Amino acid sequence: MSKQSKYNSKKPDINGIIQWSDEENAIWSELYHQQMALLPGRACSEYFEGLDLLGLSPRAIPQLPDIDKVLQATTGWQTAAVPALISFGEFFELLANKRFPVATFIRSREEFHYLQEPDIFHEVMGHCPLLTNPSFAAFTETYGKLGLNASKEERVFLARLYWFTVEFGLVKENGELRIVGGGILSSPKETCYALESDVAVRHPLQVLDALRTPYRIDILQPLYYVLDNFSQLMEISKMDMMPMVHQARQMGLFEPLFTPKQRAG
C-alpha cells in the first residue's frame with residue numbers, strides 16, 4: 001500500500017457530518033448517474049436490494065451517519081471515516097470489528113473514470129449496498145479477522161482472495177453473469193468490460209486458485225473469478241482458511257496474465 005496520497009480526506013464534525021463543496025457534490029452526482037445508467041442488468045440483485053435500503057441520492061454525497069443507521073439495522077456494520085490511505089493493520093482491525101473504512105474524499109475530474117485509491121464513491125457506491133447482505137458482511141468480517149492475525153506474508157495471499165471477490169468478483173445469477181465487486185461497480189469502464197470483453201478470462205471461483213493469482217491494480221483485470229451463487233460467500237467465510245493460505249504459499253503463484261509493472265529506477 002502506498003504511503004502517500006495526493007488527496008486529503010475531510011474530517012467529520014462532532015455529529016459525523018462532512019461539509020462537501022458544490023463541485024464535490026457535482027462529481028458525485030455525475031458518477032452516480034453514469035453508473036446507474038450502466039448497472040441495471042449487470043450488477044447482482046443483492047446490490048440493488050442494498051441500494052434501495054441505503055436510499056442513496058444523486059443530489060449530494062451521502063453522510064456516513066445515515067449509512068450507518070441502515071448497516072447497523074441490517075448486518076450490525078457501520079462505516080469508519082479514514083484518511084485517504086491507511087495501514088493494512090488498521091484496515092484489518094476495522095473489518096474484524098464490523099467497521100468499513102471510508103476515505104472521506106472524492107476523486108478529481110482528471111481521475112473521473114478510474115483512480116487507484118478508494119474514494120468515497122468507490123466505498124459507498126461500490127461496497128456499502130452489499131454490506132447490508134448477511135453473506136457479504138460475514139465474508140468481509142471473516143477476512144478482517146484472518147488478516148488481523150496473519151503474518152505479513154500471509155496477508156499478501158489473503159489480499160488476493162479479497163481482490164477477486166469483494167473488489168472484482170462476479171457471480172452467476174439465473175444463468176447470467178452479474179457483478180459483485182466494488183472495484184467494478186464503481187468503475188464505468190470496468191462495469192462493461194468485466195461482463196462483455198472477449199479478451200478477459202472468467203473462471204469459477206476456487207479459493208485456492210484465487211489465493212495464487214497475481215493481480216495489478218492499475219489495469220482492467222485480465223481475469224475474473226465467478227461465484228456459483230451469492231451465498232457462496234457465506235460458505236467461504238466458514239472455511240478453515242489459513243491451511244489453504246499455507247498450501248497456496250507452498251504451491252506458488254500462477255503465471256500472471258499481464259505484463260509486470262516496471263519499477264522506477
# chains A, B, ... in the order shown; residues from 1 in each chain; ligands from 1
>>> residues_around(residues="Cys44 of chain A", least_positions_apart="3", cutoff="7 Å", atoms="only C-alpha atoms", output="PyMOL selection string")
chain A and resi 47+178-180
>>> write_last_selection(atoms="N, CA and C atoms", output="short mmCIF file (atom, residue, chain, number, x, y, z; two decimals), in the first residue's frame")
data_model
loop_
_atom_site.label_atom_id
_atom_site.label_comp_id
_atom_site.auth_asym_id
_atom_site.auth_seq_id
_atom_site.Cartn_x
_atom_site.Cartn_y
_atom_site.Cartn_z
N TYR A 47 -27.09 -6.36 -4.82
CA TYR A 47 -26.59 -4.98 -4.84
C TYR A 47 -27.76 -3.99 -4.88
N ARG A 178 -23.23 -11.63 -13.35
CA ARG A 178 -23.55 -10.35 -12.71
C ARG A 178 -22.34 -9.93 -11.86
N ILE A 179 -22.30 -8.63 -11.54
CA ILE A 179 -21.15 -8.05 -10.83
C ILE A 179 -21.39 -8.05 -9.33
N VAL A 180 -20.34 -8.42 -8.59
CA VAL A 180 -20.31 -8.33 -7.13
C VAL A 180 -19.30 -7.29 -6.66
#
>>> closest_atom_pairs(of="segment 75-124 of chain A", to="segment 10-13 of chain A", cutoff="12 Å", atoms="only C-alpha atoms", output="Markdown table")
| residue | atom | partner | partner_atom | distance |
| --- | --- | --- | --- | --- |
| A:Ala80 | CA | A:Pro12 | CA | 10.5 |
| A:Ala81 | CA | A:Pro12 | CA | 7.7 |
| A:Val82 | CA | A:Lys11 | CA | 8.5 |
| A:Pro83 | CA | A:Lys10 | CA | 8.0 |
| A:Ala84 | CA | A:Lys10 | CA | 9.3 |
| A:Val102 | CA | A:Lys10 | CA | 10.9 |
| A:Ala103 | CA | A:Lys10 | CA | 8.4 |
| A:Thr104 | CA | A:Lys10 | CA | 5.4 |
| A:Phe105 | CA | A:Lys10 | CA | 6.2 |
| A:Ile106 | CA | A:Lys10 | CA | 9.6 |
| A:Asp119 | CA | A:Lys10 | CA | 11.4 |
| A:Ile120 | CA | A:Lys10 | CA | 10.6 |
>>> select_by_dssp(residues="segment 153-218 of chain A", states="strand (DSSP E or B)", output="list in words")
Leu170, Val171, Lys172, Glu173, Glu176, Leu177, Arg178, Ile179, Val201, Arg202, His203 and Pro204 of chain A
>>> select_by_dssp(residues="segment 110-228 of chain A", states="helix (DSSP H, G or I)", output="PyMOL selection string")
chain A and resi 110-111+120-127+130-132+134-148+152-167+182-185+188-196+207-211
>>> closest_atom_pairs(of="segment 218-262 of chain A", to="segment 189-201 of chain A", cutoff="8 Å", atoms="only C-alpha atoms", output="CSV")
residue,atom,partner,partner_atom,distance
A:Leu220,CA,A:Glu190,CA,6.5
A:Gln221,CA,A:Ala200,CA,7.2
A:Pro222,CA,A:Ala200,CA,4.8
A:Leu223,CA,A:Val201,CA,4.6
A:Tyr224,CA,A:Val201,CA,6.3
>>> closest_residue(among="A:Gly16, A:Pro65, A:Pro260, A:Gly89", to="Leu148 of chain A", atoms="only C-alpha atoms")
A:Gly89
>>> closest_residue(among="A:Gly169, A:Gly181, A:Gly76, A:Gly175", to="Arg202 of chain A", atoms="only C-alpha atoms")
A:Gly169
>>> closest_residue(among="A:Gln35, A:Gln4, A:Thr74, A:Thr213", to="Phe136 of chain A", atoms="only C-alpha atoms")
A:Thr74
>>> closest_residue(among="A:Leu227, A:Met244, A:Met125, A:Leu253", to="His33 of chain A", atoms="only C-alpha atoms")
A:Met125
>>> closest_residue(among="A:Gly55, A:Gly182, A:Pro188, A:Pro256", to="Leu130 of chain A", atoms="only C-alpha atoms")
A:Gly182
>>> atom_distance(atom1="atom CA of His113 of chain A", atom2="atom CA of Leu51 of chain A")
21.0 Å
>>> residues_around(residues="Lys238 of chain A", least_positions_apart="2", cutoff="12 Å", atoms="only C-alpha atoms", output="list in words")
Ser135, Ala138, Phe139, Thr140, Glu141, Thr142, Tyr143, Leu146, Ser231, Gln232, Leu233, Met234, Glu235, Ile236, Asp240, Met241 and Met242 of chain A
>>> closest_residue(among="A:Glu154, A:Gln206, A:Ser186, A:Glu110", to="Gln250 of chain A", atoms="only C-alpha atoms")
A:Glu154
